[in-house]
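To be precise, the following lines are work.pdb, and they hold PDB, C-alpha atoms.
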ATOM      1  CA  LEU A 246      15.077   4.879  -2.718
ATOM      2  CA  LYS A 247      15.034   6.570   0.608
ATOM      3  CA  VAL A 248      13.370   4.119   2.966
ATOM      4  CA  PRO A 249      11.653   5.858   5.876
ATOM      5  CA  THR A 250      12.874   5.173   9.380
ATOM      6  CA  GLY A 251      10.432   3.957  11.994
ATOM      7  CA  ALA A 252      10.148   7.445  13.487
ATOM      8  CA  GLN A 253       9.510   8.991  10.056
ATOM      9  CA  ALA A 254       6.908   6.367   9.190
ATOM     10  CA  LEU A 255       5.135   6.830  12.502
ATOM     11  CA  SER A 256       5.105  10.628  12.291
ATOM     12  CA  LYS A 257       3.554  10.539   8.800
ATOM     13  CA  VAL A 258       1.633   7.263   8.649
ATOM     14  CA  HIS A 259      -0.499   8.316   5.672
ATOM     15  CA  HIS A 260       2.607   9.300   3.689
ATOM     16  CA  PHE A 261       4.291   6.003   4.648
ATOM     17  CA  HIS A 262       1.374   3.952   3.299
ATOM     18  CA  GLU A 263       1.148   6.142   0.186
ATOM     19  CA  PHE A 264       4.900   5.633  -0.443
ATOM     20  CA  ILE A 265       4.399   1.857  -0.416
ATOM     21  CA  LYS A 266       1.225   2.069  -2.525
ATOM     22  CA  GLN A 267       2.869   4.194  -5.212
ATOM     23  CA  TRP A 268       5.798   1.804  -5.574
ATOM     24  CA  ARG A 269       3.418  -1.180  -5.798
ATOM     25  CA  GLN A 270       1.864   0.582  -8.795
ATOM     26  CA  TRP A 271       5.220   1.049 -10.545
ATOM     27  CA  PRO A 272       4.661  -0.085 -14.174
ATOM     28  CA  ARG A 273       7.802  -2.246 -14.230
ATOM     29  CA  ALA A 274       7.457  -4.211 -11.007
ATOM     30  CA  GLU A 275      10.541  -6.309 -11.796
ATOM     31  CA  GLN A 276      12.707  -3.188 -11.368
ATOM     32  CA  VAL A 277      11.724  -2.665  -7.733
ATOM     33  CA  GLU A 278      13.494  -4.598  -4.980
ATOM     34  CA  TRP A 279      11.450  -5.131  -1.835
ATOM     35  CA  GLU A 280      12.602  -5.950   1.676
ATOM     36  CA  GLN A 281      10.617  -6.951   4.725
ATOM     37  CA  ARG A 282      11.075  -4.469   7.570
ATOM     38  CA  GLN A 283       9.833  -4.644  11.131
ATOM     39  CA  TYR A 284       8.643  -1.350  12.577
ATOM     40  CA  ARG A 285       8.056  -1.424  16.316
ATOM     41  CA  GLU A 286       4.832   0.594  16.283
ATOM     42  CA  LEU A 287       3.630  -0.237  12.758
ATOM     43  CA  GLY A 288       4.400  -3.943  12.437
ATOM     44  CA  THR A 289       6.001  -5.737   9.508
ATOM     45  CA  HIS A 290       5.847  -4.214   6.029
ATOM     46  CA  ASN A 291       7.375  -4.986   2.649
ATOM     47  CA  ILE A 292       9.261  -1.829   1.738
ATOM     48  CA  PRO A 293      10.719  -0.842  -1.648
ATOM     49  CA  VAL A 294      14.455  -0.422  -1.113
ATOM     50  CA  SER A 295      15.937  -0.023  -4.594
ATOM     51  CA  LEU A 296      15.113   0.515  -8.235
ATOM     52  CA  THR A 297      17.173  -1.118 -10.967
ATOM     53  CA  ILE A 298      17.274   0.678 -14.303
ATOM     54  CA  ASP A 299      18.962  -1.706 -16.701
ATOM     55  CA  SER A 300      19.456   0.405 -19.818
ATOM     56  CA  MET A 301      19.824   3.963 -21.016
ATOM     57  CA  GLN A 302      16.491   3.665 -22.849
ATOM     58  CA  THR A 303      14.753   2.647 -19.628
ATOM     59  CA  PHE A 304      16.425   5.563 -17.837
ATOM     60  CA  ILE A 305      15.211   8.006 -20.492
ATOM     61  CA  GLU A 306      11.673   6.618 -20.181
ATOM     62  CA  PHE A 307      11.927   6.913 -16.394
ATOM     63  CA  MET A 308      13.022  10.560 -16.578
ATOM     64  CA  GLY A 309      10.214  11.460 -18.972
ATOM     65  CA  PRO A 310      10.058  13.968 -21.809
ATOM     66  CA  GLN A 311      10.920  16.951 -19.600
ATOM     67  CA  ALA A 312      14.455  15.665 -18.860
TER      68      ALA A 312
END
Whole structure, structure tokens version:
Amino acid sequence: LKVPTGAQALSKVHHFHEFIKQWRQWPRAEQVEWEQRQYRELGTHNIPVSLTIDSMQTFIEFMGPQA
């Protein structure tokens, strides 16, 4: 996952919060690794930093029928 920098988060605050919200709604929460980050202007946030796909079947499901 591409974690936004402080400057990126600050310049697009709505997008930053939406990014976090969408990953919180990920159907397989155990696949998402979160890290606490301190942003000078925005405070402390838990940020999704990686996604673990543990099998080819899971990868296929992740990619969807269009892949």
Interatomic distance, CA of Val277 (chain A) to CA of Ile298 (chain A) (Å, one decimal):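 Computing it gives 9.2 Å between the two atoms.
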Atomic separation - CA of Val294 (chain A) relative to CA of Glu275 (chain A), Å: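 These atoms are spaced 12.8 Å apart.
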Atom pair CA of Gly251 (chain A) / CA of Phe307 (chain A): separation (Å):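 Interatomic distance, CA of Gly251 (chain A) to CA of Phe307 (chain A): 28.6 Å.
The smallest atom-to-atom distance between Thr250 (chain A) and any of A:Glu263, A:Met301, A:Gln311, A:Tyr284, using only C-alpha atoms, is found for A:Tyr284.
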Test item: residues at most 12 Å from Pro249 (chain A), all atoms listed in the file, excluding those fewer than 3 positions along its chain, as a list in words: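 Residues meeting the cut-off are Leu246, Ala252, Gln253, Ala254, Leu255, Ser256, Lys257, Val258, His260, Phe261, His262, Glu263, Phe264, Ile265, Arg282, Gln283, Tyr284, His290, Ile292, Pro293 and Val294 of chain A.
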